[in-house]
Structures are given as structure tokens and as C-alpha cells.
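**Q** To be precise about what I am sending: the file is called structure-v5.tsv and holds TSV, C-alpha atoms.
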```tsv
chain	number	residue	atom	x	y	z
Z	77	MET	CA	0.00	0.00	0.00
Z	78	ARG	CA	1.27	3.45	-0.94
Z	79	VAL	CA	1.52	5.39	2.33
Z	80	LEU	CA	3.57	8.22	3.79
Z	81	ALA	CA	4.25	7.07	7.34
Z	82	GLU	CA	7.21	9.38	8.04
Z	83	ALA	CA	8.61	12.51	6.42
Z	84	ALA	CA	11.85	13.26	8.25
Z	85	ILE	CA	14.08	15.32	5.93
Z	86	PRO	CA	17.48	16.14	7.49
Z	87	GLU	CA	18.18	18.96	5.01
Z	88	LEU	CA	15.33	20.97	6.51
Z	89	PRO	CA	15.74	22.76	9.87
Z	90	HIS	CA	13.93	22.84	13.18
Z	91	TYR	CA	12.05	19.57	12.82
Z	92	TYR	CA	8.96	18.91	14.93
Z	93	ARG	CA	6.91	15.73	14.70
Z	94	GLY	CA	3.21	15.99	15.42
Z	95	LYS	CA	0.70	13.16	15.61
Z	96	VAL	CA	0.02	13.23	11.88
Z	97	ARG	CA	2.22	16.04	10.51
Z	98	GLU	CA	5.93	16.70	10.13
Z	99	ASN	CA	6.84	20.36	10.62
Z	100	TYR	CA	9.92	22.42	9.76
Z	101	ASP	CA	10.43	26.04	10.78
Z	102	MET	CA	12.27	28.00	8.12
Z	103	PRO	CA	14.49	31.08	8.57
Z	104	ASP	CA	12.06	33.23	6.54
Z	105	GLY	CA	9.34	32.93	9.17
Z	106	ASN	CA	7.35	30.27	7.36
Z	107	ARG	CA	6.67	26.68	8.34
Z	108	ILE	CA	6.69	23.61	6.10
Z	109	ILE	CA	3.85	21.30	7.12
Z	110	ILE	CA	3.80	17.80	5.64
Z	111	SER	CA	0.63	15.76	6.11
Z	112	THR	CA	1.52	12.09	6.52
Z	113	ASP	CA	-0.93	9.22	6.19
Z	114	ARG	CA	-0.91	8.54	9.95
Z	115	LEU	CA	-4.38	8.37	11.51
Z	116	SER	CA	-4.59	9.67	15.07
Z	117	ALA	CA	-7.37	9.29	17.61
Z	118	PHE	CA	-7.63	8.85	21.38
Z	119	ASP	CA	-4.34	10.79	21.71
Z	120	ARG	CA	-2.38	8.14	19.79
Z	121	VAL	CA	-1.59	6.97	16.27
Z	122	LEU	CA	-3.77	4.04	15.21
Z	123	THR	CA	-2.56	3.19	11.69
Z	124	CYS	CA	-1.69	4.68	8.27
Z	125	ILE	CA	-4.29	5.23	5.54
Z	126	PRO	CA	-3.18	5.45	1.88
Z	127	TYR	CA	-3.65	8.93	0.34
Z	128	LYS	CA	-5.01	10.36	3.59
Z	129	GLY	CA	-2.35	13.10	3.76
Z	130	GLN	CA	-3.09	14.26	0.24
Z	131	VAL	CA	-6.83	14.24	0.91
Z	132	LEU	CA	-6.44	16.31	4.07
Z	133	THR	CA	-4.12	18.87	2.51
Z	134	GLN	CA	-6.28	19.34	-0.56
Z	135	THR	CA	-9.57	19.38	1.36
Z	136	ALA	CA	-8.19	22.05	3.69
Z	137	ARG	CA	-7.00	23.96	0.64
Z	138	TYR	CA	-10.56	24.03	-0.67
Z	139	TRP	CA	-11.94	25.29	2.64
Z	140	PHE	CA	-9.23	27.90	3.19
Z	141	GLU	CA	-10.20	29.35	-0.18
Z	142	GLN	CA	-13.91	29.24	0.66
Z	143	THR	CA	-13.49	31.01	4.01
Z	144	LYS	CA	-10.69	33.52	3.49
Z	145	ASP	CA	-13.24	36.34	3.52
Z	146	ILE	CA	-14.26	35.39	7.09
Z	147	CYS	CA	-10.85	35.39	8.74
Z	148	PRO	CA	-7.18	35.37	7.71
Z	149	ASN	CA	-5.42	32.01	7.44
Z	150	HIS	CA	-1.82	30.84	7.49
Z	151	VAL	CA	-1.47	29.59	3.90
Z	152	VAL	CA	1.45	30.80	1.79
Z	153	SER	CA	1.77	28.11	-0.93
Z	154	TYR	CA	1.36	24.42	-1.83
Z	155	PRO	CA	4.60	22.93	-3.25
Z	156	ASP	CA	3.31	19.33	-3.08
Z	157	PRO	CA	-0.10	17.64	-2.75
Z	158	ASN	CA	0.80	16.66	0.85
Z	159	VAL	CA	2.50	19.92	1.80
Z	160	VAL	CA	1.44	23.44	2.74
Z	161	ILE	CA	3.81	26.31	3.43
Z	162	GLY	CA	2.22	28.35	6.17
Z	163	ARG	CA	3.10	31.39	8.21
Z	164	ARG	CA	4.74	30.44	11.50
Z	165	LEU	CA	2.42	31.45	14.32
Z	166	ASP	CA	2.30	31.34	18.08
Z	167	ILE	CA	-0.47	28.80	18.53
Z	168	LEU	CA	-3.03	29.83	21.12
Z	169	PRO	CA	-3.39	27.36	24.03
Z	170	VAL	CA	-7.09	26.73	23.45
Z	171	GLU	CA	-8.55	24.37	20.86
Z	172	ILE	CA	-11.88	25.60	19.57
Z	173	VAL	CA	-14.45	22.88	18.88
Z	174	VAL	CA	-17.82	23.82	17.42
Z	175	ARG	CA	-20.65	21.30	17.68
Z	176	GLY	CA	-24.07	21.25	16.07
Z	177	TYR	CA	-25.24	17.86	17.35
Z	178	LEU	CA	-25.08	15.73	20.51
Z	179	ALA	CA	-22.48	13.40	19.06
Z	180	GLY	CA	-18.97	12.04	19.48
Z	181	THR	CA	-16.95	9.15	20.90
Z	182	THR	CA	-13.97	10.78	22.62
Z	183	GLY	CA	-13.72	11.54	26.31
Z	184	THR	CA	-14.35	15.27	25.74
Z	185	SER	CA	-17.30	14.88	23.35
Z	186	ILE	CA	-20.62	16.16	24.62
Z	187	LEU	CA	-22.34	12.82	23.91
Z	188	THR	CA	-19.82	10.92	26.03
Z	189	LEU	CA	-20.12	13.45	28.86
Z	190	TYR	CA	-23.92	13.50	28.55
Z	191	LYS	CA	-24.10	9.72	28.81
Z	192	ASN	CA	-21.95	9.97	31.93
Z	193	GLY	CA	-24.66	12.09	33.51
Z	194	GLU	CA	-23.24	15.56	33.00
Z	195	ARG	CA	-25.71	18.30	32.13
Z	196	GLN	CA	-23.45	21.32	32.56
Z	197	MET	CA	-20.66	21.20	29.99
Z	198	TYR	CA	-18.38	23.89	28.58
Z	199	GLY	CA	-20.52	26.57	30.22
Z	200	VAL	CA	-23.68	25.27	28.49
Z	201	SER	CA	-26.73	23.65	30.14
Z	202	PHE	CA	-28.24	20.56	28.52
Z	203	PRO	CA	-31.80	19.33	29.22
Z	204	GLU	CA	-32.75	15.83	30.24
Z	205	GLY	CA	-34.03	13.37	27.67
Z	206	MET	CA	-31.75	14.15	24.75
Z	207	LYS	CA	-30.96	11.34	22.32
Z	208	ASP	CA	-27.75	10.29	20.61
Z	209	ASN	CA	-26.96	12.50	17.60
Z	210	GLN	CA	-29.78	14.94	18.29
Z	211	VAL	CA	-29.43	18.35	16.67
Z	212	LEU	CA	-28.70	21.17	19.12
Z	213	PRO	CA	-30.90	24.29	19.19
Z	214	GLU	CA	-27.89	26.18	17.84
Z	215	PRO	CA	-24.19	25.37	17.38
Z	216	ILE	CA	-22.09	25.74	20.52
Z	217	ILE	CA	-18.38	26.14	21.17
Z	218	THR	CA	-16.81	23.48	23.40
Z	219	PRO	CA	-13.23	24.65	24.00
Z	220	THR	CA	-10.50	22.42	25.38
Z	221	SER	CA	-6.99	23.02	26.61
Z	222	LYS	CA	-4.35	22.59	23.93
Z	223	GLU	CA	-1.82	20.16	25.35
Z	224	PHE	CA	1.41	20.61	23.40
Z	225	ASP	CA	3.27	17.81	25.22
Z	226	GLY	CA	0.97	15.00	24.12
Z	227	GLY	CA	-1.20	15.09	27.24
Z	228	HIS	CA	-4.97	14.87	27.31
Z	229	ASP	CA	-6.95	17.93	26.25
Z	230	GLU	CA	-9.28	19.03	29.05
Z	231	PRO	CA	-12.72	20.70	28.76
Z	232	LEU	CA	-12.87	24.42	29.52
Z	233	THR	CA	-15.60	27.00	30.00
Z	234	PRO	CA	-15.26	30.51	28.58
Z	235	ALA	CA	-14.98	31.85	32.14
Z	236	GLU	CA	-12.13	29.43	32.92
Z	237	ILE	CA	-10.29	30.47	29.76
Z	238	ILE	CA	-10.30	34.09	30.87
Z	239	GLU	CA	-9.65	33.35	34.57
Z	240	LYS	CA	-6.64	31.18	33.78
Z	241	GLY	CA	-5.22	33.79	31.44
Z	242	LEU	CA	-5.22	31.43	28.47
Z	243	LEU	CA	-6.84	34.12	26.33
Z	244	THR	CA	-7.86	37.71	26.87
Z	245	GLN	CA	-11.52	38.63	26.73
Z	246	GLN	CA	-10.97	40.28	23.36
Z	247	GLN	CA	-9.15	37.22	22.00
Z	248	TRP	CA	-11.96	34.92	23.17
Z	249	GLU	CA	-14.60	37.12	21.55
Z	250	THR	CA	-12.64	37.20	18.28
Z	251	LEU	CA	-12.13	33.43	18.27
Z	252	SER	CA	-15.80	32.80	19.06
Z	253	THR	CA	-16.95	35.08	16.27
Z	254	TYR	CA	-14.56	33.53	13.76
Z	255	ALA	CA	-15.38	29.95	14.80
Z	256	LEU	CA	-19.16	30.29	14.61
Z	257	ALA	CA	-18.94	32.09	11.26
Z	258	LEU	CA	-16.60	29.46	9.83
Z	259	PHE	CA	-18.87	26.67	11.05
Z	260	LYS	CA	-21.94	28.30	9.51
Z	261	ARG	CA	-20.14	28.66	6.17
Z	262	GLY	CA	-19.07	25.02	6.46
Z	263	GLN	CA	-22.57	23.77	7.23
Z	264	ASP	CA	-24.12	25.85	4.44
Z	265	LEU	CA	-21.70	24.63	1.76
Z	266	ALA	CA	-21.81	21.05	3.05
Z	267	ALA	CA	-25.61	21.06	2.86
Z	268	LYS	CA	-25.40	21.92	-0.83
Z	269	ARG	CA	-23.37	18.71	-1.28
Z	270	GLY	CA	-25.89	16.59	0.65
Z	271	LEU	CA	-23.75	16.58	3.78
Z	272	ILE	CA	-24.15	17.55	7.43
Z	273	LEU	CA	-21.14	19.16	9.07
Z	274	VAL	CA	-21.73	17.83	12.59
Z	275	ASP	CA	-18.77	19.28	14.47
Z	276	THR	CA	-15.25	20.47	13.85
Z	277	LYS	CA	-12.18	21.84	15.57
Z	278	TYR	CA	-10.21	24.97	14.79
Z	279	GLU	CA	-6.76	26.05	15.84
Z	280	PHE	CA	-5.74	29.67	15.85
Z	281	GLY	CA	-2.45	31.43	16.36
Z	282	THR	CA	-1.12	34.95	16.47
Z	283	ASP	CA	1.42	36.58	14.17
Z	284	GLU	CA	4.21	38.95	15.20
Z	285	ASP	CA	1.66	41.77	15.49
Z	286	GLY	CA	-0.71	39.78	17.67
Z	287	LYS	CA	-3.23	39.34	14.86
Z	288	ILE	CA	-5.32	36.16	15.17
Z	289	ILE	CA	-4.84	33.78	12.22
Z	290	LEU	CA	-6.57	30.47	11.40
Z	291	ALA	CA	-3.94	27.71	11.36
Z	292	ASP	CA	-3.56	23.95	10.92
Z	293	GLU	CA	-6.50	22.64	8.86
Z	294	ILE	CA	-10.18	23.36	8.36
Z	295	HIS	CA	-13.24	21.14	7.79
Z	296	THR	CA	-11.25	18.05	6.83
Z	297	PRO	CA	-12.36	14.48	7.57
Z	298	ASP	CA	-9.78	14.44	10.38
Z	299	SER	CA	-10.80	17.67	12.07
Z	300	SER	CA	-14.53	17.33	11.43
Z	301	ARG	CA	-17.42	14.92	11.58
Z	302	TYR	CA	-19.60	14.69	8.50
Z	303	TRP	CA	-22.79	12.71	8.00
Z	304	MET	CA	-24.61	11.98	4.77
Z	305	ALA	CA	-27.74	14.10	5.05
Z	306	ASP	CA	-30.05	11.50	3.53
Z	307	SER	CA	-29.05	8.94	6.17
Z	308	TYR	CA	-29.71	11.11	9.21
Z	309	GLU	CA	-33.45	10.88	9.87
Z	310	GLN	CA	-33.67	7.09	9.65
Z	311	ALA	CA	-30.52	6.62	11.72
Z	312	PHE	CA	-31.67	9.07	14.39
Z	313	THR	CA	-35.08	7.39	14.61
Z	314	SER	CA	-33.55	3.91	14.91
Z	315	GLY	CA	-30.83	5.03	17.32
Z	316	THR	CA	-27.98	4.15	14.99
Z	317	ARG	CA	-25.09	6.28	13.74
Z	318	PRO	CA	-25.68	8.13	10.45
Z	319	TYR	CA	-23.40	7.18	7.59
Z	320	SER	CA	-20.18	9.13	7.88
Z	321	PHE	CA	-16.86	9.38	6.12
Z	322	ASP	CA	-14.76	10.79	8.92
Z	323	LYS	CA	-12.28	8.96	11.12
Z	324	ASP	CA	-15.10	7.77	13.38
Z	325	PHE	CA	-15.07	4.91	10.89
Z	326	VAL	CA	-11.87	3.57	12.50
Z	327	ARG	CA	-12.42	5.12	15.93
Z	328	SER	CA	-15.67	3.22	16.36
Z	329	TRP	CA	-14.02	-0.06	15.32
Z	330	VAL	CA	-11.30	0.43	17.93
Z	331	ALA	CA	-13.65	1.62	20.68
Z	332	GLU	CA	-15.80	-1.49	20.25
Z	333	ARG	CA	-12.79	-3.74	20.96
Z	334	CYS	CA	-10.89	-2.05	23.78
Z	335	ASP	CA	-10.54	0.96	26.02
Z	336	PRO	CA	-8.52	3.06	23.55
Z	337	TYR	CA	-7.15	5.33	26.28
Z	338	LYS	CA	-5.71	2.47	28.35
Z	339	ASP	CA	-5.46	-0.78	26.36
Z	340	GLU	CA	-3.12	-1.79	23.57
Z	341	ILE	CA	-4.73	-0.97	20.22
Z	342	PRO	CA	-5.56	-4.11	18.21
Z	343	GLU	CA	-4.07	-4.31	14.74
Z	344	ILE	CA	-6.31	-2.60	12.21
Z	345	PRO	CA	-7.28	-5.12	9.48
Z	346	GLU	CA	-5.94	-4.37	6.01
Z	347	ASP	CA	-9.41	-4.45	4.46
Z	348	LEU	CA	-10.56	-1.78	6.94
Z	349	VAL	CA	-7.50	0.34	6.06
Z	350	ILE	CA	-8.25	0.07	2.31
Z	351	GLN	CA	-11.93	0.75	2.89
Z	352	THR	CA	-11.05	3.78	4.99
Z	353	SER	CA	-8.78	5.10	2.23
Z	354	LYS	CA	-11.71	4.89	-0.18
Z	355	VAL	CA	-13.86	6.72	2.34
Z	356	TYR	CA	-11.33	9.56	2.62
Z	357	ILE	CA	-11.21	9.88	-1.17
Z	358	GLU	CA	-15.00	9.83	-1.32
Z	359	ALA	CA	-15.01	12.56	1.32
Z	360	PHE	CA	-12.71	14.78	-0.74
Z	361	GLU	CA	-14.82	14.38	-3.86
Z	362	ARG	CA	-18.13	14.89	-2.09
Z	363	ILE	CA	-16.96	17.92	-0.08
Z	364	THR	CA	-15.16	19.75	-2.89
Z	365	GLY	CA	-17.05	18.56	-5.95
Z	366	ASP	CA	-13.70	17.77	-7.59
Z	367	VAL	CA	-12.27	14.44	-8.75
Z	368	PHE	CA	-9.45	13.07	-6.58
Z	369	ARG	CA	-6.26	12.65	-8.57
Z	370	ALA	CA	-3.68	10.53	-6.78
Z	371	ASP	CA	-0.21	11.94	-7.36
Z	372	ASP	CA	1.83	8.75	-7.85
Z	373	ARG	CA	4.89	10.35	-9.37
Z	374	GLU	CA	8.19	9.01	-8.02
Z	375	ALA	CA	8.71	5.58	-6.47
Z	376	THR	CA	7.17	6.55	-3.12
Z	377	VAL	CA	5.15	9.42	-1.68
Z	378	PHE	CA	8.18	10.40	0.40
Z	379	ASP	CA	10.40	10.56	-2.72
Z	380	ARG	CA	7.92	12.90	-4.37
Z	381	VAL	CA	7.59	15.12	-1.30
Z	382	ARG	CA	11.34	15.32	-0.86
Z	383	LYS	CA	11.89	16.22	-4.53
Z	384	ASN	CA	9.27	18.98	-4.43
Z	385	LEU	CA	10.82	20.44	-1.28
Z	386	GLU	CA	14.40	20.52	-2.64
Z	387	PRO	CA	14.13	24.25	-3.49
Z	388	PHE	CA	13.76	24.91	0.23
Z	389	PHE	CA	17.01	23.08	1.14
Z	390	GLN	CA	19.17	26.07	0.19
Z	391	GLY	CA	17.18	28.40	2.39
Z	392	ALA	CA	17.57	26.06	5.33
```
Take the structure I supplied and represent it as C-alpha cells, if you would.

**A**
Amino acid sequence: MRVLAEAAIPELPHYYRGKVRENYDMPDGNRIIISTDRLSAFDRVLTCIPYKGQVLTQTARYWFEQTKDICPNHVVSYPDPNVVIGRRLDILPVEIVVRGYLAGTTGTSILTLYKNGERQMYGVSFPEGMKDNQVLPEPIITPTSKEFDGGHDEPLTPAEIIEKGLLTQQQWETLSTYALALFKRGQDLAAKRGLILVDTKYEFGTDEDGKIILADEIHTPDSSRYWMADSYEQAFTSGTRPYSFDKDFVRSWVAERCDPYKDEIPEIPEDLVIQTSKVYIEAFERITGDVFRADDREATVFDRVRKNLEPFFQGA
């Protein structure tokens, strides 16, 4: 299977390995961000999915273009299908998650917390009697701490964010406005494609002038949950999960077989990996309306990425 599991390039400086991305900080103030095919969930890497990195980079590219009138983003250029050159930012220590439905499988999702009996979450009150995957009266922001050392993200309320000095009041108001506007744009465009944008996360940073910039990715199958709109009503009525093409596909498989936060992750079957790759490609095509074109130049994905980044070696 053609996968990019690692992208360590010694000719590039200031290497940082994230859960799914390889990052290099350049002397000109930009950052090279390479999306690998690693799939991360439950604060760990589960497996690699062919073409996932290309799908994520190109899906985010579509959304950055569709939302650049709402807020500034970090994009400078795209030298390779798996690579974005972005402005280097000081990432803010709060991850902004916007949710439109009572859904999710992680420990910080509102459905998980709701099932555990919590009715006050993220500064929002929830009534009794809600059902799995029920639409919320209006989208809400459920912020979490941004743990840069690989620790668990923790739920926060807006008041806690200000009290702890994680953000100023003005920064929180700006992020909230941006996030809700981005989510509305995402839901509106997704609906035109027969999709429901259920929830998503955003990461923001500040530039040298303190201006807030959208970073990382936006509305991709990794950062967002999508459902097929025509599957929702029947699934909600029957109490099943609507058809999705996000990484819940693998997350649910793992969660059914172990405690993913404590137990060893079972090996993901090859047929599930291949099926998931097809789902990612389907996601790209459905979200963007474009045909996915796998870039299979060079012997491996890494060879292609390295070749396309050679012009940056001299500047390193």
C-alpha cells in the first residue's frame, strides 16, 4: 500500500513531529507542514491510511479558499499535494471545537459526557431526555486546553479560559466570532453537497503583530465529523449512527474492541484500512465537488515530497 508514514528530511531545519504532521520552521518565518498518512485518535496513532495526507491537505486547501473572507489564514503556498507552506504562528493554548449535534466518541465529546450524567458542559446547560446524535438548538463552542506535550486535552468553560489567562476577553470574543462564522459557512456549503457538518475543531495562532490567524486545517475528515444528510433521519429514529466518512469509521471499530485510552490498540485489518482510504477519497470528492487525482509520481510518496521540497534546502 502506498503510504507516507514518516517525512523526516534532514536537510530541513527545526524539525517537529506531530501526531500526523511533520513540521519544519524556516528562517524566513514560514513553516513547512507535511501531512503524513498517519491516523490519530484517542491521543495516539492508530494506523496509516493510503492517500489520507493528500486528501487532508487538498480538502483544507478548498476550505481555506472558501473562508478567506471570514478570517485570515496561514497559507502561503502548496509545493506538493501533501504539503502546505504556512506562516509560522504562536499557537493559542485553546482548541476551539464547534458542535451542532449531541455526538462524538472521545472523552471530551458532549455525547460521552452526557451519557456519563453531565448536564453542565463547557458553560452550556443541557436538558434531560436528549438522544444520541440529536441536533442542538444552535451550534455551541466546546473549547479544550491545547496540550502541546501530548497530554490529554481538558474541557474548559469561557470563564475558565479568561480566569486562567489562556486568552484575553478580546481574544476569546474574536475566536468565538470567527469559529461560529466558519462553522456556519461550512454547514451551508456542506448542505449543498448533501452533507451535514456535525462538528469540527479549529486552531488559531497569532502573528508577530498579535493578529489572530486560522492555522492547521479546516473542515477536513480528520478535524470534522460529516454525516450523509439523507441517512440522518432514519438513523436518528432507529438510534444508529448516520453514515459518515470521517475517522469515526476507525475510531468506532477500535472503541468497540478495547478501552482506547488504556489498552493496547488491536491491529487494524488491512481491508478496513483500504476501505477507509476509499472513504477519505469519497469525502474529498463529495466535499469539494472535484475528482481526486492521486499523485503517484516518483517511487514513493516520500520521494515525491522530498523532490518537491528541494528548493527549500538552500534556504535552510

**Q** When you count all atoms listed in the file, which of these residues is closest to Z:Tyr198: Z:Val131, Z:Ile344, Z:Leu242, Z:Ile216?

**A** Z:Ile216

**Q** Which neighbours of Z:Ser153 fall inside 8 Å, counting all atoms listed in the file, when residues of the same chain fewer than 3 positions from it are skipped, and could you give them as number ranges by chain?

**A** Z: 160-162

**Q** Please determine, counting only C-alpha atoms, which residue among Z:Pro219, Z:Pro297, Z:Pro103, Z:Pro387 has the shortest atom-to-atom distance to Z:Leu115.

**A**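 Closest to Z:Leu115, using only C-alpha atoms: Z:Pro297.
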
**Q** Interatomic distance between atom CA of Z:Ile108 and atom CA of Z:Ile288?

**A** 19.6 Å

**Q** Dump as CSV the rows for residues of stretch 208-321 of chain Z within 9 Å of stretch 142-146 of chain Z: closest atom pair and distance in Å with one decimal, only C-alpha atoms counted, ordered by chain and rising residue number.

**A**
```
residue,atom,partner,partner_atom,distance
Z:Tyr254,CA,Z:Ile146,CA,6.9
Z:Ala257,CA,Z:Ile146,CA,7.1
Z:Leu258,CA,Z:Thr143,CA,6.8
Z:Arg261,CA,Z:Thr143,CA,7.4
Z:Gly262,CA,Z:Thr143,CA,8.5
```

**Q** What does the distance from atom CA of Z:Tyr319 to atom CA of Z:Pro215 come to in Å, to one decimal?

**A**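 Between these atoms lies a distance of 20.7 Å.
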
**Q** Hey, can you check how far atom CA of Z:Lys222 sits from atom CA of Z:Gly199?

**A**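 Separation between atom CA of Z:Lys222 and atom CA of Z:Gly199: 17.8 Å.
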
**Q** With distances taken over all atoms listed in the file, which residue among Z:Leu290, Z:Val326, Z:Ala375, Z:Val211 lies nearest Z:Tyr308?

**A**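 For Z:Tyr308, the nearest of the given residues is Z:Val211.
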
**Q** Which neighbours of Z:Ser221 fall inside 8 Å, counting all atoms listed in the file, when residues of the same chain fewer than 2 positions from it are skipped, and could you give them as a ChimeraX atom specification?

**A** /Z:169-171,219,223,229-232

**Q** So, with all atoms listed in the file as the atoms that count, which of Z:Ile172, Z:Arg382, Z:Asp119, Z:Phe321 lies closest to Z:Ser353?

**A**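 Result for the nearest residue to Z:Ser353: Z:Phe321.
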
**Q** Could you check the closest approach to Z:Asp208 for each of Z:Phe312, Z:Phe360, Z:Tyr100, Z:Phe388 and tell me which residue wins, using only C-alpha atoms?

**A**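 For Z:Asp208, the nearest of the candidates is Z:Phe312.
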
**Q** With distances taken over all atoms listed in the file, which residue among Z:Ile110, Z:Asp104, Z:Gln390, Z:Thr181 lies nearest Z:Ala331?

**A** Z:Thr181

**Q** Dump stretch 109-127 of chain Z with N, CA, C and O atoms to a file, as a PDB file, in the first residue's frame.

**A**
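Wrote it out as out07.pdb, contents follow:
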```
ATOM      1  N   ILE Z 109       4.710  22.267   6.436  1.00  0.00           N
ATOM      2  CA  ILE Z 109       3.851  21.303   7.121  1.00  0.00           C
ATOM      3  C   ILE Z 109       3.535  20.172   6.153  1.00  0.00           C
ATOM      4  O   ILE Z 109       2.886  20.382   5.125  1.00  0.00           O
ATOM      5  N   ILE Z 110       4.009  18.978   6.485  1.00  0.00           N
ATOM      6  CA  ILE Z 110       3.801  17.801   5.642  1.00  0.00           C
ATOM      7  C   ILE Z 110       2.763  16.908   6.297  1.00  0.00           C
ATOM      8  O   ILE Z 110       2.941  16.444   7.425  1.00  0.00           O
ATOM      9  N   SER Z 111       1.669  16.655   5.596  1.00  0.00           N
ATOM     10  CA  SER Z 111       0.634  15.758   6.111  1.00  0.00           C
ATOM     11  C   SER Z 111       0.990  14.323   5.745  1.00  0.00           C
ATOM     12  O   SER Z 111       1.021  13.958   4.564  1.00  0.00           O
ATOM     13  N   THR Z 112       1.261  13.505   6.752  1.00  0.00           N
ATOM     14  CA  THR Z 112       1.523  12.094   6.517  1.00  0.00           C
ATOM     15  C   THR Z 112       0.199  11.356   6.408  1.00  0.00           C
ATOM     16  O   THR Z 112      -0.887  11.953   6.479  1.00  0.00           O
ATOM     17  N   ASP Z 113       0.276  10.046   6.268  1.00  0.00           N
ATOM     18  CA  ASP Z 113      -0.932   9.222   6.194  1.00  0.00           C
ATOM     19  C   ASP Z 113      -1.271   8.587   7.549  1.00  0.00           C
ATOM     20  O   ASP Z 113      -2.122   7.700   7.628  1.00  0.00           O
ATOM     21  N   ARG Z 114      -0.591   9.054   8.614  1.00  0.00           N
ATOM     22  CA  ARG Z 114      -0.910   8.540   9.948  1.00  0.00           C
ATOM     23  C   ARG Z 114      -2.324   8.957  10.350  1.00  0.00           C
ATOM     24  O   ARG Z 114      -2.743  10.077  10.093  1.00  0.00           O
ATOM     25  N   LEU Z 115      -3.048   8.062  10.998  1.00  0.00           N
ATOM     26  CA  LEU Z 115      -4.375   8.368  11.514  1.00  0.00           C
ATOM     27  C   LEU Z 115      -4.309   8.365  13.028  1.00  0.00           C
ATOM     28  O   LEU Z 115      -3.919   7.374  13.645  1.00  0.00           O
ATOM     29  N   SER Z 116      -4.681   9.498  13.624  1.00  0.00           N
ATOM     30  CA  SER Z 116      -4.588   9.668  15.068  1.00  0.00           C
ATOM     31  C   SER Z 116      -5.975   9.798  15.676  1.00  0.00           C
ATOM     32  O   SER Z 116      -6.857  10.458  15.123  1.00  0.00           O
ATOM     33  N   ALA Z 117      -6.152   9.150  16.813  1.00  0.00           N
ATOM     34  CA  ALA Z 117      -7.372   9.294  17.609  1.00  0.00           C
ATOM     35  C   ALA Z 117      -7.055   8.797  19.013  1.00  0.00           C
ATOM     36  O   ALA Z 117      -6.104   8.033  19.209  1.00  0.00           O
ATOM     37  N   PHE Z 118      -7.844   9.242  19.979  1.00  0.00           N
ATOM     38  CA  PHE Z 118      -7.629   8.848  21.376  1.00  0.00           C
ATOM     39  C   PHE Z 118      -6.204   9.191  21.841  1.00  0.00           C
ATOM     40  O   PHE Z 118      -5.588   8.448  22.600  1.00  0.00           O
ATOM     41  N   ASP Z 119      -5.670  10.309  21.331  1.00  0.00           N
ATOM     42  CA  ASP Z 119      -4.337  10.789  21.715  1.00  0.00           C
ATOM     43  C   ASP Z 119      -3.223   9.826  21.324  1.00  0.00           C
ATOM     44  O   ASP Z 119      -2.167   9.781  21.960  1.00  0.00           O
ATOM     45  N   ARG Z 120      -3.428   9.058  20.249  1.00  0.00           N
ATOM     46  CA  ARG Z 120      -2.382   8.139  19.787  1.00  0.00           C
ATOM     47  C   ARG Z 120      -2.570   7.847  18.304  1.00  0.00           C
ATOM     48  O   ARG Z 120      -3.635   8.095  17.736  1.00  0.00           O
ATOM     49  N   VAL Z 121      -1.520   7.341  17.679  1.00  0.00           N
ATOM     50  CA  VAL Z 121      -1.592   6.973  16.268  1.00  0.00           C
ATOM     51  C   VAL Z 121      -2.110   5.548  16.161  1.00  0.00           C
ATOM     52  O   VAL Z 121      -1.586   4.630  16.801  1.00  0.00           O
ATOM     53  N   LEU Z 122      -3.140   5.355  15.333  1.00  0.00           N
ATOM     54  CA  LEU Z 122      -3.769   4.041  15.210  1.00  0.00           C
ATOM     55  C   LEU Z 122      -3.216   3.236  14.044  1.00  0.00           C
ATOM     56  O   LEU Z 122      -2.986   2.040  14.159  1.00  0.00           O
ATOM     57  N   THR Z 123      -3.006   3.893  12.893  1.00  0.00           N
ATOM     58  CA  THR Z 123      -2.560   3.192  11.690  1.00  0.00           C
ATOM     59  C   THR Z 123      -2.229   4.237  10.630  1.00  0.00           C
ATOM     60  O   THR Z 123      -2.268   5.430  10.896  1.00  0.00           O
ATOM     61  N   CYS Z 124      -1.886   3.786   9.412  1.00  0.00           N
ATOM     62  CA  CYS Z 124      -1.689   4.679   8.267  1.00  0.00           C
ATOM     63  C   CYS Z 124      -2.716   4.342   7.189  1.00  0.00           C
ATOM     64  O   CYS Z 124      -2.997   3.160   6.942  1.00  0.00           O
ATOM     65  N   ILE Z 125      -3.253   5.378   6.565  1.00  0.00           N
ATOM     66  CA  ILE Z 125      -4.292   5.233   5.544  1.00  0.00           C
ATOM     67  C   ILE Z 125      -3.780   5.780   4.220  1.00  0.00           C
ATOM     68  O   ILE Z 125      -3.434   6.969   4.129  1.00  0.00           O
ATOM     69  N   PRO Z 126      -3.682   4.964   3.167  1.00  0.00           N
ATOM     70  CA  PRO Z 126      -3.184   5.450   1.877  1.00  0.00           C
ATOM     71  C   PRO Z 126      -3.926   6.685   1.386  1.00  0.00           C
ATOM     72  O   PRO Z 126      -5.157   6.751   1.445  1.00  0.00           O
ATOM     73  N   TYR Z 127      -3.166   7.684   0.937  1.00  0.00           N
ATOM     74  CA  TYR Z 127      -3.649   8.932   0.345  1.00  0.00           C
ATOM     75  C   TYR Z 127      -4.320   9.880   1.346  1.00  0.00           C
ATOM     76  O   TYR Z 127      -4.804  10.948   0.961  1.00  0.00           O
TER      77      TYR Z 127
END
```
